[in-house]
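Q: The structure file model_26.txt (compact mmCIF, N, CA and C atoms and all ligand atoms) is provided below.
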```txt
# COMPACT_ATOMS: atom_id res chain seq x y z
N MET A 11 216.45 173.65 85.63
CA MET A 11 216.48 172.20 85.87
C MET A 11 215.46 171.81 86.92
N SER A 12 215.33 172.65 87.96
CA SER A 12 214.28 172.33 88.93
C SER A 12 212.91 172.62 88.33
N THR A 13 212.89 173.54 87.37
CA THR A 13 211.63 173.82 86.69
C THR A 13 211.13 172.57 85.98
N ARG A 14 212.10 171.88 85.39
CA ARG A 14 211.75 170.67 84.67
C ARG A 14 211.14 169.64 85.62
N ARG A 15 211.69 169.58 86.80
CA ARG A 15 211.21 168.62 87.78
C ARG A 15 209.76 168.94 88.20
N VAL A 16 209.54 170.23 88.41
CA VAL A 16 208.19 170.67 88.78
C VAL A 16 207.22 170.29 87.68
N LEU A 17 207.63 170.49 86.45
CA LEU A 17 206.77 170.17 85.31
C LEU A 17 206.39 168.70 85.32
N GLN A 18 207.37 167.86 85.65
CA GLN A 18 207.09 166.43 85.69
C GLN A 18 206.01 166.12 86.72
N TYR A 19 206.09 166.80 87.85
CA TYR A 19 205.06 166.58 88.87
C TYR A 19 203.69 166.96 88.34
N TYR A 20 203.65 168.05 87.61
CA TYR A 20 202.38 168.48 87.04
C TYR A 20 201.81 167.43 86.11
N VAL A 21 202.68 166.88 85.29
CA VAL A 21 202.22 165.89 84.31
C VAL A 21 201.67 164.66 85.03
N VAL A 22 202.42 164.19 86.02
CA VAL A 22 201.98 163.02 86.78
C VAL A 22 200.66 163.33 87.49
N GLY A 23 200.60 164.52 88.08
CA GLY A 23 199.39 164.91 88.79
C GLY A 23 198.19 164.95 87.87
N ALA A 24 198.39 165.50 86.68
CA ALA A 24 197.28 165.60 85.73
C ALA A 24 196.83 164.22 85.31
N ALA A 25 197.78 163.33 85.09
CA ALA A 25 197.44 161.97 84.68
C ALA A 25 196.63 161.28 85.77
N LEU A 26 197.04 161.45 87.01
CA LEU A 26 196.31 160.84 88.12
C LEU A 26 194.90 161.41 88.20
N ALA A 27 194.79 162.71 88.02
CA ALA A 27 193.48 163.36 88.09
C ALA A 27 192.56 162.79 87.03
N VAL A 28 193.09 162.64 85.83
CA VAL A 28 192.29 162.10 84.74
C VAL A 28 191.87 160.67 85.05
N ALA A 29 192.80 159.87 85.56
CA ALA A 29 192.49 158.48 85.91
C ALA A 29 191.38 158.46 86.95
N GLY A 30 191.45 159.35 87.94
CA GLY A 30 190.44 159.40 88.98
C GLY A 30 189.07 159.73 88.41
N LEU A 31 189.04 160.69 87.49
CA LEU A 31 187.77 161.08 86.90
C LEU A 31 187.15 159.94 86.12
N VAL A 32 188.00 159.21 85.41
CA VAL A 32 187.49 158.10 84.60
C VAL A 32 186.85 157.05 85.49
N VAL A 33 187.52 156.73 86.59
CA VAL A 33 186.98 155.72 87.50
C VAL A 33 185.64 156.17 88.06
N VAL A 34 185.60 157.41 88.53
CA VAL A 34 184.35 157.93 89.10
C VAL A 34 183.27 157.97 88.03
N GLY A 35 183.65 158.43 86.85
CA GLY A 35 182.67 158.58 85.78
C GLY A 35 182.02 157.28 85.38
N CYS A 36 182.77 156.19 85.44
CA CYS A 36 182.22 154.91 85.02
C CYS A 36 181.55 154.20 86.18
N GLY A 37 181.74 154.71 87.37
CA GLY A 37 181.10 154.10 88.52
C GLY A 37 181.63 152.71 88.82
N GLY A 38 182.85 152.44 88.48
CA GLY A 38 183.44 151.15 88.80
C GLY A 38 183.20 150.13 87.70
N PRO A 39 183.80 148.98 87.86
CA PRO A 39 183.79 147.97 86.79
C PRO A 39 182.57 147.06 86.84
N ASN A 40 181.55 147.39 87.61
CA ASN A 40 180.44 146.46 87.79
C ASN A 40 179.23 146.80 86.93
N GLY A 41 179.45 147.42 85.78
CA GLY A 41 178.33 147.68 84.88
C GLY A 41 178.00 146.43 84.09
N ALA A 42 177.56 145.41 84.79
CA ALA A 42 177.44 144.07 84.24
C ALA A 42 176.53 144.01 83.01
N ASP A 43 175.38 144.64 83.09
CA ASP A 43 174.42 144.48 82.01
C ASP A 43 174.58 145.55 80.93
N GLY A 44 175.65 146.31 81.02
CA GLY A 44 175.94 147.29 79.97
C GLY A 44 174.95 148.44 79.93
N ALA A 45 174.27 148.67 81.02
CA ALA A 45 173.26 149.72 81.04
C ALA A 45 173.88 151.10 80.93
N THR A 46 175.13 151.20 81.34
CA THR A 46 175.78 152.50 81.32
C THR A 46 176.84 152.57 80.24
N THR A 47 176.57 151.92 79.12
CA THR A 47 177.51 151.95 78.01
C THR A 47 177.75 153.39 77.57
N PRO A 48 179.00 153.79 77.48
CA PRO A 48 179.27 155.17 77.08
C PRO A 48 178.86 155.41 75.63
N PRO A 49 178.52 156.63 75.30
CA PRO A 49 178.12 156.94 73.93
C PRO A 49 179.25 156.67 72.96
N ALA A 50 178.93 156.20 71.78
CA ALA A 50 179.93 155.80 70.81
C ALA A 50 180.48 157.02 70.07
N GLY A 51 181.34 157.74 70.72
CA GLY A 51 182.03 158.84 70.06
C GLY A 51 181.26 160.12 69.95
N GLY A 52 179.96 160.03 69.79
CA GLY A 52 179.15 161.23 69.61
C GLY A 52 179.14 162.09 70.85
N GLN A 53 178.76 163.33 70.68
CA GLN A 53 178.66 164.25 71.81
C GLN A 53 177.33 164.01 72.51
N ALA A 54 177.30 163.05 73.43
CA ALA A 54 176.07 162.82 74.17
C ALA A 54 175.76 164.06 74.98
N GLU A 55 174.52 164.46 74.91
CA GLU A 55 174.15 165.63 75.69
C GLU A 55 174.08 165.23 77.15
N GLU A 56 174.89 165.88 77.95
CA GLU A 56 175.02 165.48 79.33
C GLU A 56 174.65 166.64 80.23
N LYS A 57 173.60 166.44 81.01
CA LYS A 57 173.15 167.54 81.87
C LYS A 57 173.77 167.38 83.25
N ARG A 58 174.02 168.49 83.87
CA ARG A 58 174.64 168.47 85.19
C ARG A 58 173.61 168.84 86.26
N ILE A 59 173.57 168.01 87.27
CA ILE A 59 172.65 168.23 88.39
C ILE A 59 173.49 168.42 89.64
N ARG A 60 173.30 169.54 90.31
CA ARG A 60 174.08 169.78 91.52
C ARG A 60 173.42 169.12 92.72
N VAL A 61 174.24 168.41 93.50
CA VAL A 61 173.73 167.72 94.67
C VAL A 61 174.54 168.16 95.88
N SER A 62 173.83 168.56 96.94
CA SER A 62 174.48 169.00 98.16
C SER A 62 174.14 168.03 99.29
N LEU A 63 175.16 167.40 99.85
CA LEU A 63 174.96 166.47 100.96
C LEU A 63 175.23 167.20 102.27
N THR A 64 174.25 167.17 103.16
CA THR A 64 174.45 167.80 104.47
C THR A 64 174.07 166.78 105.54
N ASP A 65 174.19 167.17 106.82
CA ASP A 65 173.87 166.27 107.93
C ASP A 65 172.41 166.50 108.34
N PHE A 66 171.39 165.79 107.93
CA PHE A 66 171.46 164.61 107.09
C PHE A 66 170.37 164.73 106.04
N ARG A 67 170.69 165.48 105.00
CA ARG A 67 169.74 165.70 103.93
C ARG A 67 170.46 165.65 102.59
N ILE A 68 169.67 165.39 101.54
CA ILE A 68 170.20 165.45 100.18
C ILE A 68 169.49 166.59 99.47
N GLY A 69 170.23 167.61 99.12
CA GLY A 69 169.65 168.73 98.39
C GLY A 69 170.01 168.61 96.92
N MET A 70 169.03 168.84 96.05
CA MET A 70 169.27 168.63 94.64
C MET A 70 168.69 169.78 93.84
N SER A 71 169.42 170.24 92.83
CA SER A 71 168.96 171.38 92.05
C SER A 71 167.73 171.01 91.23
N GLN A 72 167.55 169.70 90.97
CA GLN A 72 166.43 169.25 90.15
C GLN A 72 166.19 167.78 90.43
N ARG A 73 164.93 167.37 90.56
CA ARG A 73 164.65 165.97 90.84
C ARG A 73 163.83 165.32 89.75
N THR A 74 163.05 166.08 89.04
CA THR A 74 162.29 165.52 87.93
C THR A 74 163.14 165.60 86.67
N LEU A 75 163.57 164.43 86.20
CA LEU A 75 164.55 164.39 85.11
C LEU A 75 164.03 163.58 83.94
N ALA A 76 164.03 164.18 82.79
CA ALA A 76 163.66 163.45 81.57
C ALA A 76 164.72 162.41 81.29
N PRO A 77 164.37 161.34 80.57
CA PRO A 77 165.37 160.32 80.24
C PRO A 77 166.59 160.95 79.58
N GLY A 78 167.76 160.46 79.94
CA GLY A 78 168.97 161.01 79.36
C GLY A 78 170.17 160.73 80.24
N ARG A 79 171.25 161.32 79.83
CA ARG A 79 172.50 161.10 80.55
C ARG A 79 172.76 162.29 81.46
N TYR A 80 173.03 162.00 82.72
CA TYR A 80 173.20 163.07 83.70
C TYR A 80 174.49 162.90 84.49
N THR A 81 175.12 164.01 84.78
CA THR A 81 176.24 164.01 85.70
C THR A 81 175.81 164.71 86.98
N PHE A 82 175.80 163.95 88.06
CA PHE A 82 175.49 164.53 89.36
C PHE A 82 176.80 165.08 89.93
N VAL A 83 176.81 166.38 90.18
CA VAL A 83 177.98 167.02 90.76
C VAL A 83 177.72 167.09 92.26
N VAL A 84 178.34 166.15 92.98
CA VAL A 84 178.01 165.92 94.38
C VAL A 84 179.03 166.60 95.29
N THR A 85 178.54 167.42 96.21
CA THR A 85 179.43 168.08 97.17
C THR A 85 178.99 167.75 98.59
N ASN A 86 179.93 167.40 99.43
CA ASN A 86 179.63 167.17 100.83
C ASN A 86 179.70 168.51 101.58
N ASP A 87 178.53 169.08 101.83
CA ASP A 87 178.46 170.36 102.54
C ASP A 87 178.21 170.17 104.03
N GLY A 88 178.30 168.92 104.48
CA GLY A 88 178.07 168.64 105.90
C GLY A 88 179.37 168.50 106.66
N GLN A 89 179.25 168.01 107.88
CA GLN A 89 180.43 167.77 108.72
C GLN A 89 180.85 166.30 108.66
N ALA A 90 179.85 165.42 108.60
CA ALA A 90 180.12 163.99 108.55
C ALA A 90 180.55 163.59 107.14
N ARG A 91 181.02 162.36 107.00
CA ARG A 91 181.38 161.86 105.68
C ARG A 91 180.12 161.34 105.00
N HIS A 92 180.00 161.63 103.71
CA HIS A 92 178.83 161.22 102.97
C HIS A 92 179.23 160.70 101.59
N ALA A 93 178.27 160.03 100.96
CA ALA A 93 178.44 159.60 99.58
C ALA A 93 177.07 159.62 98.92
N LEU A 94 177.04 159.51 97.61
CA LEU A 94 175.76 159.46 96.91
C LEU A 94 175.67 158.13 96.17
N ASP A 95 174.54 157.46 96.36
CA ASP A 95 174.31 156.15 95.77
C ASP A 95 173.01 156.23 94.99
N ILE A 96 173.00 155.70 93.78
CA ILE A 96 171.78 155.72 92.98
C ILE A 96 171.49 154.31 92.47
N LYS A 97 170.22 153.94 92.52
CA LYS A 97 169.79 152.59 92.21
C LYS A 97 168.44 152.64 91.53
N GLY A 98 168.22 151.76 90.56
CA GLY A 98 166.91 151.72 89.93
C GLY A 98 166.97 150.89 88.67
N PRO A 99 165.90 150.90 87.87
CA PRO A 99 165.85 150.10 86.66
C PRO A 99 167.05 150.37 85.74
N GLY A 100 167.84 149.35 85.46
CA GLY A 100 168.99 149.51 84.59
C GLY A 100 170.23 150.01 85.31
N ILE A 101 170.10 150.40 86.55
CA ILE A 101 171.26 150.84 87.34
C ILE A 101 171.31 149.99 88.59
N GLU A 102 172.17 149.01 88.57
CA GLU A 102 172.27 148.10 89.71
C GLU A 102 172.70 148.87 90.95
N GLU A 103 173.77 149.60 90.80
CA GLU A 103 174.21 150.49 91.86
C GLU A 103 175.37 151.32 91.34
N GLU A 104 175.22 152.62 91.45
CA GLU A 104 176.31 153.53 91.08
C GLU A 104 176.50 154.45 92.26
N ARG A 105 177.75 154.66 92.65
CA ARG A 105 177.95 155.55 93.79
C ARG A 105 179.27 156.30 93.68
N THR A 106 179.29 157.41 94.38
CA THR A 106 180.54 158.15 94.49
C THR A 106 181.37 157.48 95.57
N GLU A 107 182.62 157.83 95.64
CA GLU A 107 183.42 157.43 96.78
C GLU A 107 182.88 158.16 98.00
N THR A 108 183.28 157.73 99.18
CA THR A 108 182.85 158.44 100.38
C THR A 108 183.64 159.73 100.51
N LEU A 109 182.92 160.83 100.66
CA LEU A 109 183.54 162.15 100.62
C LEU A 109 183.70 162.74 102.01
N ASP A 110 184.86 163.29 102.28
CA ASP A 110 185.07 164.05 103.50
C ASP A 110 184.35 165.40 103.36
N ALA A 111 184.17 166.08 104.48
CA ALA A 111 183.54 167.40 104.45
C ALA A 111 184.26 168.29 103.45
N GLY A 112 183.49 168.92 102.58
CA GLY A 112 184.06 169.84 101.62
C GLY A 112 184.48 169.22 100.30
N GLU A 113 184.56 167.91 100.24
CA GLU A 113 184.98 167.25 99.00
C GLU A 113 183.81 167.14 98.03
N SER A 114 184.14 166.97 96.75
CA SER A 114 183.09 166.69 95.78
C SER A 114 183.53 165.64 94.79
N ALA A 115 182.55 165.07 94.11
CA ALA A 115 182.80 164.04 93.11
C ALA A 115 181.66 164.06 92.11
N ASN A 116 181.94 163.56 90.91
CA ASN A 116 180.92 163.49 89.88
C ASN A 116 180.47 162.05 89.70
N LEU A 117 179.19 161.91 89.44
CA LEU A 117 178.63 160.58 89.18
C LEU A 117 177.77 160.70 87.93
N THR A 118 178.14 159.96 86.88
CA THR A 118 177.42 160.06 85.61
C THR A 118 176.61 158.79 85.39
N VAL A 119 175.33 158.96 85.14
CA VAL A 119 174.45 157.83 84.91
C VAL A 119 173.50 158.13 83.76
N THR A 120 172.95 157.08 83.18
CA THR A 120 171.93 157.24 82.15
C THR A 120 170.59 156.82 82.73
N LEU A 121 169.64 157.73 82.72
CA LEU A 121 168.34 157.48 83.32
C LEU A 121 167.29 157.25 82.24
N SER A 122 166.40 156.31 82.52
CA SER A 122 165.23 156.13 81.67
C SER A 122 164.09 156.92 82.28
N ALA A 123 162.87 156.63 81.88
CA ALA A 123 161.73 157.39 82.40
C ALA A 123 161.29 156.88 83.77
N ASP A 124 162.04 155.93 84.34
CA ASP A 124 161.65 155.35 85.62
C ASP A 124 162.06 156.23 86.80
N VAL A 125 161.78 155.70 87.97
CA VAL A 125 162.14 156.41 89.20
C VAL A 125 163.33 155.71 89.83
N TYR A 126 164.28 156.47 90.31
CA TYR A 126 165.49 155.93 90.89
C TYR A 126 165.62 156.37 92.34
N ASP A 127 166.09 155.45 93.16
CA ASP A 127 166.36 155.78 94.56
C ASP A 127 167.73 156.43 94.66
N VAL A 128 167.79 157.52 95.38
CA VAL A 128 169.06 158.21 95.61
C VAL A 128 169.23 158.34 97.11
N TYR A 129 170.39 157.90 97.62
CA TYR A 129 170.56 157.95 99.07
C TYR A 129 172.03 157.96 99.44
N CYS A 130 172.28 158.21 100.72
CA CYS A 130 173.65 158.16 101.24
C CYS A 130 173.86 156.79 101.88
N PRO A 131 174.84 156.02 101.40
CA PRO A 131 175.06 154.67 101.89
C PRO A 131 175.92 154.60 103.16
N VAL A 132 176.33 155.73 103.67
CA VAL A 132 177.21 155.73 104.84
C VAL A 132 176.38 155.52 106.11
N GLY A 133 176.81 154.58 106.95
CA GLY A 133 176.17 154.33 108.24
C GLY A 133 174.66 154.21 108.11
N ASN A 134 173.94 154.87 109.00
CA ASN A 134 172.48 154.85 108.96
C ASN A 134 171.93 156.17 108.43
N HIS A 135 172.73 156.84 107.60
CA HIS A 135 172.32 158.16 107.09
C HIS A 135 171.03 158.10 106.30
N ARG A 136 170.83 156.98 105.61
CA ARG A 136 169.61 156.86 104.81
C ARG A 136 168.38 156.94 105.72
N GLU A 137 168.45 156.23 106.84
CA GLU A 137 167.33 156.26 107.78
C GLU A 137 167.18 157.63 108.43
N LEU A 138 168.27 158.34 108.54
CA LEU A 138 168.22 159.67 109.15
C LEU A 138 167.63 160.72 108.20
N GLY A 139 167.36 160.32 106.98
CA GLY A 139 166.68 161.25 106.06
C GLY A 139 167.42 161.51 104.77
N MET A 140 168.59 160.89 104.60
CA MET A 140 169.36 161.14 103.38
C MET A 140 168.91 160.20 102.27
N GLU A 141 167.65 160.37 101.85
CA GLU A 141 167.17 159.63 100.70
C GLU A 141 166.14 160.43 99.97
N THR A 142 166.11 160.23 98.66
CA THR A 142 165.13 160.90 97.83
C THR A 142 164.99 160.09 96.54
N THR A 143 164.23 160.60 95.61
CA THR A 143 164.10 159.91 94.33
C THR A 143 164.33 160.92 93.21
N VAL A 144 164.78 160.40 92.08
CA VAL A 144 164.87 161.23 90.88
C VAL A 144 164.31 160.43 89.71
N GLY A 145 164.00 161.11 88.63
CA GLY A 145 163.55 160.43 87.43
C GLY A 145 162.37 161.14 86.80
N GLY A 146 161.88 160.54 85.72
CA GLY A 146 160.83 161.16 84.95
C GLY A 146 159.55 161.35 85.72
N ARG A 147 159.28 160.42 86.65
CA ARG A 147 158.02 160.52 87.39
C ARG A 147 158.28 160.77 88.87
N ALA A 148 159.49 161.24 89.19
CA ALA A 148 159.87 161.39 90.59
C ALA A 148 158.87 162.27 91.34
N ALA A 149 158.48 163.36 90.73
CA ALA A 149 157.60 164.30 91.42
C ALA A 149 156.20 163.71 91.62
N SER A 150 155.69 163.06 90.56
CA SER A 150 154.30 162.62 90.63
C SER A 150 154.11 161.35 91.45
N THR A 151 155.17 160.55 91.64
CA THR A 151 155.00 159.28 92.37
C THR A 151 155.47 159.39 93.81
N THR A 152 155.95 160.53 94.21
CA THR A 152 156.47 160.67 95.57
C THR A 152 155.41 160.30 96.60
N ASP A 153 154.17 160.73 96.36
CA ASP A 153 153.11 160.48 97.34
C ASP A 153 152.78 159.00 97.43
N ASP A 154 152.72 158.33 96.27
CA ASP A 154 152.40 156.90 96.28
C ASP A 154 153.54 156.10 96.87
N GLY A 155 154.74 156.39 96.41
CA GLY A 155 155.86 155.52 96.70
C GLY A 155 156.46 155.67 98.07
N ALA A 156 156.54 156.86 98.57
CA ALA A 156 157.32 157.10 99.78
C ALA A 156 156.80 156.34 100.98
N ASP A 157 155.47 156.19 101.07
CA ASP A 157 154.90 155.53 102.24
C ASP A 157 154.85 154.02 102.07
N GLY A 158 155.11 153.56 100.88
CA GLY A 158 154.97 152.14 100.60
C GLY A 158 156.03 151.26 101.22
N TYR A 159 157.11 151.83 101.74
CA TYR A 159 158.19 151.01 102.26
C TYR A 159 157.87 150.41 103.62
CU CU B 1 175.70 160.52 104.71
```
What would the structure in this file look like if it were written as structure tokens?
A:
Amino acid sequence: MSTRRVLQYYVVGAALAVAGLVVVGCGGPNGADGATTPPAGGQAEEKRIRVSLTDFRIGMSQRTLAPGRYTFVVTNDGQARHALDIKGPGIEEERTETLDAGESANLTVTLSADVYDVYCPVGNHRELGMETTVGGRAASTTDDGADGY
């Protein structure tokens, strides 16, 4: 009988976990222009990019990304709280929740061949160096773009 009770907790826990993933995956309800419309049933090929947030840098397994759908697997490897925010053509703003040290979250976005700004929106972390770019031309435009601000 207590086993049954434990099972119920598992079910509720699993449901909550799934709900959490869905919210994170969609990046909130503000996809106004439909740029992040989910694929219609088909198995969209989704690549995973590992992102490590530290005090105060953004480490990424890959920055030059061909157009497509990507899931950024973001881990806070620092001491401070961090988050990952991505902005660019067709992406008004998508971000993870703010993560405590050791926490991780997934952020799924669809990228075109453009360049996207990636940064930590917490405090002044962006100015401290937690910013970079990703996209089809991220590598080749870094020299032109970075100093232009
Ligand atoms: Cu940060």
Q: Name all residues at most 8 Å from stretch 131-134 of chain A (count only C-alpha atoms; drop same-chain ones fewer than 6 positions away) and give them as a PDB file with N, CA and C atoms, in the frame of the given file.
A:
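Contents of the output file part22.pdb:
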```pdb
ATOM      1  N   ARG A  91     181.020 162.360 107.000  1.00  0.00           N
ATOM      2  CA  ARG A  91     181.380 161.860 105.680  1.00  0.00           C
ATOM      3  C   ARG A  91     180.120 161.340 105.000  1.00  0.00           C
ATOM      4  N   HIS A  92     180.000 161.630 103.710  1.00  0.00           N
ATOM      5  CA  HIS A  92     178.830 161.220 102.970  1.00  0.00           C
ATOM      6  C   HIS A  92     179.230 160.700 101.590  1.00  0.00           C
ATOM      7  N   ALA A  93     178.270 160.030 100.960  1.00  0.00           N
ATOM      8  CA  ALA A  93     178.440 159.600  99.580  1.00  0.00           C
ATOM      9  C   ALA A  93     177.070 159.620  98.920  1.00  0.00           C
ATOM     10  N   LEU A  94     177.040 159.510  97.610  1.00  0.00           N
ATOM     11  CA  LEU A  94     175.760 159.460  96.910  1.00  0.00           C
ATOM     12  C   LEU A  94     175.670 158.130  96.170  1.00  0.00           C
ATOM     13  N   ASP A  95     174.540 157.460  96.360  1.00  0.00           N
ATOM     14  CA  ASP A  95     174.310 156.150  95.770  1.00  0.00           C
ATOM     15  C   ASP A  95     173.010 156.230  94.990  1.00  0.00           C
ATOM     16  N   THR A 108     183.280 157.730  99.180  1.00  0.00           N
ATOM     17  CA  THR A 108     182.850 158.440 100.380  1.00  0.00           C
ATOM     18  C   THR A 108     183.640 159.730 100.510  1.00  0.00           C
TER      19      THR A 108
END
```
Q: Given only N, CA and C atoms as the basis, pick out the residue of A:Gly78, A:Glu104, A:Arg136, A:Lys57 nearest to A:Thr120.
A: A:Gly78
Q: Restricting the calculation to only C-alpha atoms, which member of A:Glu137, A:Pro99, A:Thr118, A:Thr106 is positioned closest to A:Asp65?
A: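 Among the listed residues, A:Glu137 lies closest to A:Asp65.
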Q: So which residues touch A:Ser114 within 7 Å, counting only C-alpha atoms, skipping near sequence neighbours fewer than 2 positions away, as a PyMOL selection string?
A: chain A and resi 84-86+109+112
Q: Quick check, in Å to one decimal: how far apart do atom CA of A:Glu102 and atom C of A:Leu138 lie?
A: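 That distance, rounded to one decimal, is 22.9 Å.
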Q: Point out the residue among A:Leu117, A:Thr143, A:Phe82, A:Cys130 with the least atom-to-atom distance to ligand CU 1 (chain B), counting only C-alpha atoms and all ligand atoms.
A: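 The closest residue to ligand CU 1 (chain B) is A:Cys130.
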Q: Quote the spacing between atom CA of A:Asp87 and atom CA of A:Glu107 in Å to one decimal place.
A: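 Result for atom CA of A:Asp87 versus atom CA of A:Glu107: 15.0 Å, one decimal.
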Q: Quick one: distance from atom N of A:Tyr129 to atom N of A:Thr142 in Å, one decimal?
A: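 Spanning atom N of A:Tyr129 to atom N of A:Thr142 is a straight-line distance of 5.0 Å.
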Q: Find the residue from A:Gly88, A:Gly145, A:Gly100, A:Gly69 that sits nearest to ligand CU 1 (chain B); use only C-alpha atoms and all ligand atoms when measuring.
A: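 Closest to ligand CU 1 (chain B), using only C-alpha atoms and all ligand atoms: A:Gly88.
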Q: Quick one: of A:Asp110, A:Asp127, A:Glu103, A:Glu141, who's nearest to A:Phe66, counting all atoms listed in the file?
A: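 Of all the options, A:Glu141 lies closest to A:Phe66.
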Q: Within 6.5 Å of (165.7, 158.8, 90.1), all atoms listed in the file: residues as a list in words?
A: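 Checking each residue against the 6.5 Å limit leaves Asp124, Val125, Tyr126, Asp127, Val128, Thr143, Val144, Gly145, Gly146 and Ala148 of chain A.
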Q: Which of these residues is nearest to A:Gln89, using all atoms listed in the file: A:Pro77, A:Ala111, A:Met70, A:Arg105?
A: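 Distance minimum relative to A:Gln89 lands on A:Ala111.
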